[in-house]
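The structure appears right after this line, and notes come after that.
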Amino acid sequence: MSDPFRWRYGRVDRFFIGAIGPPGQRTFYLYLETASERAYFPFEKNQAKVMGEQSLELAANLGWEGDSPAVQEIVAQGTDLPTPLSETEILFRVSAISMRIDAEEEITMMLEGQSEEKVTFTITPRQLQAGAYMALQACRSGRPICRDCQLPQDPDGHYCPAGNGHRIPI
């Protein structure tokens with residue numbers, strides 16, 4: 001049986017969370033970069049939202065400094081998520097995310113895929129907080145939500161279930 005931990009990165013230089021593509025057609029990614037490698041892990045918008053919210057809650061509970069200049073600098077670097085250069089940089093779709101606090105300045109994260117793929121890497125609390133802000137920002141920057149059905153609106157017109165299938169102009 002092959003090692004499910006095929007990818008062990010140790011401490012990563014860059015850790016970003018964002019989306020690539022126009023609203024309604026975006027793919028959400030968790031992005032890692034070391035001195036010699038880049039890796040993208042697609043995941044669901046809801047996973048990004050929950051990870052962002054829970055990471056900020058964890059940081060607050062542990063008393064980590066919130067919206068510091070160091071965190072904002074990382075967020076600014078990750079504003080425009082780099083596009084994958086090749087399909088080989090996209091490793092696997094994330095099905096589960098877990099983290100462990102190893103020391104005051106070290107968090108080990110594990111991503112799991114559906115076919116038993118696993119990756120581990122280490123980030124700092126600032127990287128975790130910046131990733132949380134990026135995730136929530138990416139989630140908010142999508143299509144507007146319909147006030148009637150609470151579903152994303154299509155830019156070409158919205159067929160609202162609450163309107164019994166009638167197109168509601170935007």
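Simple scheme: letters A, B, ... for chains in structure tokens order, numbers from 1 for residues in each chain, numbers from 1 for ligands in the order shown.
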**Item:** Within 7 Å of Thr124 in chain A using only C-alpha atoms, minus same-chain residues under 4 positions, as number ranges by chain
**Value:** A: 105-107, 128
Please produce a file of those selected residues containing N, CA, C and O atoms, as a compact mmCIF listing (two decimals), in the first residue's frame.
```txt
# COMPACT_ATOMS: atom_id res chain seq x y z
N GLU A 105 4.10 29.22 17.84
CA GLU A 105 4.24 29.78 16.49
C GLU A 105 4.14 28.71 15.40
O GLU A 105 4.68 28.90 14.31
N GLU A 106 3.50 27.59 15.68
CA GLU A 106 3.48 26.52 14.69
C GLU A 106 2.15 25.76 14.72
O GLU A 106 1.73 25.25 15.75
N ILE A 107 1.51 25.69 13.55
CA ILE A 107 0.26 24.96 13.39
C ILE A 107 0.46 23.97 12.25
O ILE A 107 0.87 24.36 11.15
N LEU A 128 -2.32 31.58 9.35
CA LEU A 128 -3.66 31.04 9.55
C LEU A 128 -4.69 32.17 9.56
O LEU A 128 -5.73 32.08 8.91
```
**helix (DSSP H, G or I) per DSSP on the backbone: members of chain A, as an MDAnalysis selection string** = chainID A and resid 45:61 69:77 87:89 125:140 161:163
Find the nearest atom pair between each residue of range 61-154 of chain A and range 10-14 of chain A for residues within 9 Å, count only C-alpha atoms, give distances in Å to one decimal, sort rows by chain and ascending number, and present the table as a Markdown table.
```
| residue | atom | partner | partner_atom | distance |
| --- | --- | --- | --- | --- |
| A:Ile74 | CA | A:Arg14 | CA | 8.4 |
| A:Gly78 | CA | A:Arg14 | CA | 8.6 |
| A:Glu106 | CA | A:Arg11 | CA | 8.5 |
| A:Thr108 | CA | A:Gly10 | CA | 8.3 |
| A:Thr120 | CA | A:Gly10 | CA | 7.2 |
| A:Phe121 | CA | A:Gly10 | CA | 4.8 |
| A:Thr122 | CA | A:Arg11 | CA | 4.3 |
| A:Ile123 | CA | A:Arg11 | CA | 5.8 |
| A:Thr124 | CA | A:Arg11 | CA | 8.4 |
| A:Gln127 | CA | A:Arg14 | CA | 7.8 |
```
Can you write just those residues out, all heavy atoms, as a compact mmCIF listing (two decimals), in the first residue's frame?
```
# COMPACT_ATOMS: atom_id res chain seq x y z
N ILE A 74 0.25 39.80 4.68
CA ILE A 74 0.05 38.49 4.06
C ILE A 74 -1.23 38.50 3.23
O ILE A 74 -1.27 37.99 2.11
CB ILE A 74 0.02 37.37 5.12
CG1 ILE A 74 1.35 37.27 5.85
CG2 ILE A 74 -0.33 36.02 4.47
CD1 ILE A 74 1.33 36.37 7.08
N GLY A 78 -1.81 37.86 -0.96
CA GLY A 78 -2.67 36.81 -1.50
C GLY A 78 -3.93 37.31 -2.16
O GLY A 78 -4.80 36.52 -2.52
N GLU A 106 3.50 27.59 15.68
CA GLU A 106 3.48 26.52 14.69
C GLU A 106 2.15 25.76 14.72
O GLU A 106 1.73 25.25 15.75
CB GLU A 106 4.63 25.55 14.98
CG GLU A 106 4.90 24.60 13.87
CD GLU A 106 6.23 23.88 14.08
OE1 GLU A 106 7.27 24.46 13.76
OE2 GLU A 106 6.18 22.75 14.59
N THR A 108 0.20 22.71 12.52
CA THR A 108 0.29 21.70 11.47
C THR A 108 -1.12 21.47 10.94
O THR A 108 -2.05 21.25 11.71
CB THR A 108 0.87 20.38 11.99
OG1 THR A 108 2.21 20.63 12.44
CG2 THR A 108 0.89 19.31 10.91
N THR A 120 0.39 17.17 4.60
CA THR A 120 0.60 17.93 5.82
C THR A 120 1.54 19.08 5.53
O THR A 120 2.41 18.99 4.65
CB THR A 120 1.19 17.07 6.96
OG1 THR A 120 2.45 16.55 6.54
CG2 THR A 120 0.26 15.94 7.34
N PHE A 121 1.37 20.15 6.28
CA PHE A 121 2.24 21.32 6.17
C PHE A 121 2.11 22.12 7.45
O PHE A 121 1.17 21.93 8.23
CB PHE A 121 1.91 22.17 4.93
CG PHE A 121 0.48 22.64 4.88
CD1 PHE A 121 0.13 23.87 5.40
CD2 PHE A 121 -0.50 21.84 4.33
CE1 PHE A 121 -1.18 24.30 5.35
CE2 PHE A 121 -1.82 22.26 4.27
CZ PHE A 121 -2.17 23.50 4.79
N THR A 122 3.05 23.01 7.66
CA THR A 122 3.07 23.82 8.87
C THR A 122 2.99 25.29 8.49
O THR A 122 3.65 25.73 7.54
CB THR A 122 4.35 23.55 9.67
OG1 THR A 122 4.42 22.14 9.93
CG2 THR A 122 4.37 24.29 10.98
N ILE A 123 2.16 26.03 9.24
CA ILE A 123 2.02 27.47 9.04
C ILE A 123 2.13 28.17 10.39
O ILE A 123 2.10 27.52 11.44
CB ILE A 123 0.68 27.83 8.36
CG1 ILE A 123 -0.51 27.32 9.18
CG2 ILE A 123 0.64 27.31 6.94
CD1 ILE A 123 -1.87 27.75 8.65
N THR A 124 2.24 29.49 10.34
CA THR A 124 2.29 30.30 11.56
C THR A 124 0.88 30.78 11.89
O THR A 124 -0.01 30.76 11.03
CB THR A 124 3.19 31.52 11.37
OG1 THR A 124 2.58 32.39 10.41
CG2 THR A 124 4.59 31.12 10.92
N GLN A 127 -0.17 33.36 9.38
CA GLN A 127 -0.60 32.79 8.11
C GLN A 127 -2.01 32.22 8.22
O GLN A 127 -2.82 32.38 7.30
CB GLN A 127 0.37 31.69 7.65
CG GLN A 127 1.70 32.21 7.14
CD GLN A 127 2.65 31.06 6.82
OE1 GLN A 127 2.87 30.18 7.64
NE2 GLN A 127 3.21 31.09 5.62
```
**Item:** Which residue of A:Val119, A:Arg6, A:Pro125, A:Leu32 approaches Gly63 in chain A most closely, using only C-alpha atoms
**Value:**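 Using only C-alpha atoms, Gly63 in chain A sits closest to A:Pro125.
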**Asked** Within 12 Å of range 140-146 of chain A, counting only C-alpha atoms, which residues qualify if same-chain residues fewer than 3 places away don't, as a PyMOL selection string?
**Response** chain A and resi 18-28+45-46+48-49+52+79+133-137+149-163+167-170
Selection from above, C-alpha atoms, as a PDB file, in the first residue's frame, can you write it?
```pdb
ATOM      1  CA  GLY A  18      -8.991  32.315  -2.593  1.00  0.00           C
ATOM      2  CA  ALA A  19     -10.947  31.777  -5.748  1.00  0.00           C
ATOM      3  CA  ILE A  20     -10.034  31.877  -9.413  1.00  0.00           C
ATOM      4  CA  GLY A  21     -12.577  32.690 -12.110  1.00  0.00           C
ATOM      5  CA  PRO A  22     -15.584  34.962 -12.538  1.00  0.00           C
ATOM      6  CA  PRO A  23     -18.401  34.884  -9.956  1.00  0.00           C
ATOM      7  CA  GLY A  24     -20.642  31.904 -10.593  1.00  0.00           C
ATOM      8  CA  GLN A  25     -17.789  29.972 -12.230  1.00  0.00           C
ATOM      9  CA  ARG A  26     -15.102  30.273  -9.582  1.00  0.00           C
ATOM     10  CA  THR A  27     -13.030  27.493  -8.127  1.00  0.00           C
ATOM     11  CA  PHE A  28     -11.900  27.910  -4.531  1.00  0.00           C
ATOM     12  CA  LYS A  45     -16.885  27.581  -1.006  1.00  0.00           C
ATOM     13  CA  ASN A  46     -18.611  26.402   2.161  1.00  0.00           C
ATOM     14  CA  ALA A  48     -13.584  28.090   2.820  1.00  0.00           C
ATOM     15  CA  LYS A  49     -16.257  29.932   4.800  1.00  0.00           C
ATOM     16  CA  GLY A  52     -12.262  31.139   7.840  1.00  0.00           C
ATOM     17  CA  THR A  79      -5.260  39.209  -2.925  1.00  0.00           C
ATOM     18  CA  TYR A 133      -9.482  36.678   6.159  1.00  0.00           C
ATOM     19  CA  MET A 134      -8.740  35.720   2.534  1.00  0.00           C
ATOM     20  CA  ALA A 135     -11.259  32.855   2.654  1.00  0.00           C
ATOM     21  CA  LEU A 136     -14.040  35.053   4.012  1.00  0.00           C
ATOM     22  CA  GLN A 137     -13.214  37.848   1.556  1.00  0.00           C
ATOM     23  CA  CYS A 149     -34.656  32.455  -1.815  1.00  0.00           C
ATOM     24  CA  GLN A 150     -31.170  33.015  -0.317  1.00  0.00           C
ATOM     25  CA  LEU A 151     -29.505  31.469  -3.402  1.00  0.00           C
ATOM     26  CA  PRO A 152     -26.800  33.166  -5.503  1.00  0.00           C
ATOM     27  CA  GLN A 153     -28.184  35.274  -8.316  1.00  0.00           C
ATOM     28  CA  ASP A 154     -27.155  34.529 -11.890  1.00  0.00           C
ATOM     29  CA  PRO A 155     -25.737  37.651 -13.594  1.00  0.00           C
ATOM     30  CA  ASP A 156     -27.892  36.921 -16.678  1.00  0.00           C
ATOM     31  CA  GLY A 157     -31.133  36.820 -14.667  1.00  0.00           C
ATOM     32  CA  HIS A 158     -32.293  34.880 -11.656  1.00  0.00           C
ATOM     33  CA  TYR A 159     -34.889  32.106 -11.750  1.00  0.00           C
ATOM     34  CA  CYS A 160     -35.990  32.352  -8.129  1.00  0.00           C
ATOM     35  CA  PRO A 161     -37.602  29.271  -6.564  1.00  0.00           C
ATOM     36  CA  ALA A 162     -39.478  31.641  -4.256  1.00  0.00           C
ATOM     37  CA  GLY A 163     -40.949  33.290  -7.373  1.00  0.00           C
ATOM     38  CA  ARG A 167     -37.264  35.230 -13.762  1.00  0.00           C
ATOM     39  CA  ILE A 168     -36.613  38.121 -11.413  1.00  0.00           C
ATOM     40  CA  PRO A 169     -34.737  41.022 -12.998  1.00  0.00           C
ATOM     41  CA  ILE A 170     -31.562  42.049 -11.232  1.00  0.00           C
TER      42      ILE A 170
END
```
**Message:** So, with only C-alpha atoms as the atoms that count, which of A:Ala130, A:Leu62, A:Asp148, A:Thr88 lies closest to Ala76 in chain A?
**Reply:**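 The answer is A:Ala130, which sits nearest to Ala76 in chain A.
Among the candidates A:Val71, A:Leu56, A:Val50, A:Ala103, the one nearest to Phe15 in chain A when counting only C-alpha atoms is A:Val71.
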**Asked** Among chain A, which residues carry a DSSP assignment of strand (DSSP E), reported as JSON, numbers by chain?
**Response** {"A": [7, 8, 9, 10, 11, 14, 15, 16, 17, 18, 19, 20, 27, 28, 29, 30, 31, 32, 33, 38, 39, 40, 41, 42, 43, 94, 95, 96, 97, 98, 99, 100, 101, 102, 103, 106, 107, 108, 109, 110, 111, 112, 113, 118, 119, 120, 121, 122, 123, 158, 159, 167, 168]}
**Item:** Selected residue, from A:Arg100, A:Arg126, A:Arg8, A:Arg93, that lies nearest to Tyr40 in chain A when counting only C-alpha atoms
**Value:** A:Arg93
**Complete:** Taken to one decimal, the CA of Glu117 in chain A-CA of Cys139 in chain A distance is 25.7 Å
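Closest approach to Ser95 in chain A among A:Ala70, A:Leu111, A:Glu53, A:Phe16 is made by A:Leu111 (distances from only C-alpha atoms).
Taking CA of Ile17 in chain A and CA of Val75 in chain A as the two end points, the separation is 9.4 Å.
Shell of Leu91 in chain A at 12 Å, with only C-alpha atoms counted and residues fewer than 5 places along the chain excluded, is A:Arg6, A:Trp7, A:Tyr29, A:Leu30, A:Tyr31, A:Leu32, A:Glu37, A:Arg38, A:Ala39, A:Tyr40, A:Phe41, A:Pro42, A:Phe43, A:Pro84, A:Ser86, A:Leu111, A:Glu112, A:Gly113, A:Gln114, A:Ser115, A:Glu117, A:Lys118, A:Val119.
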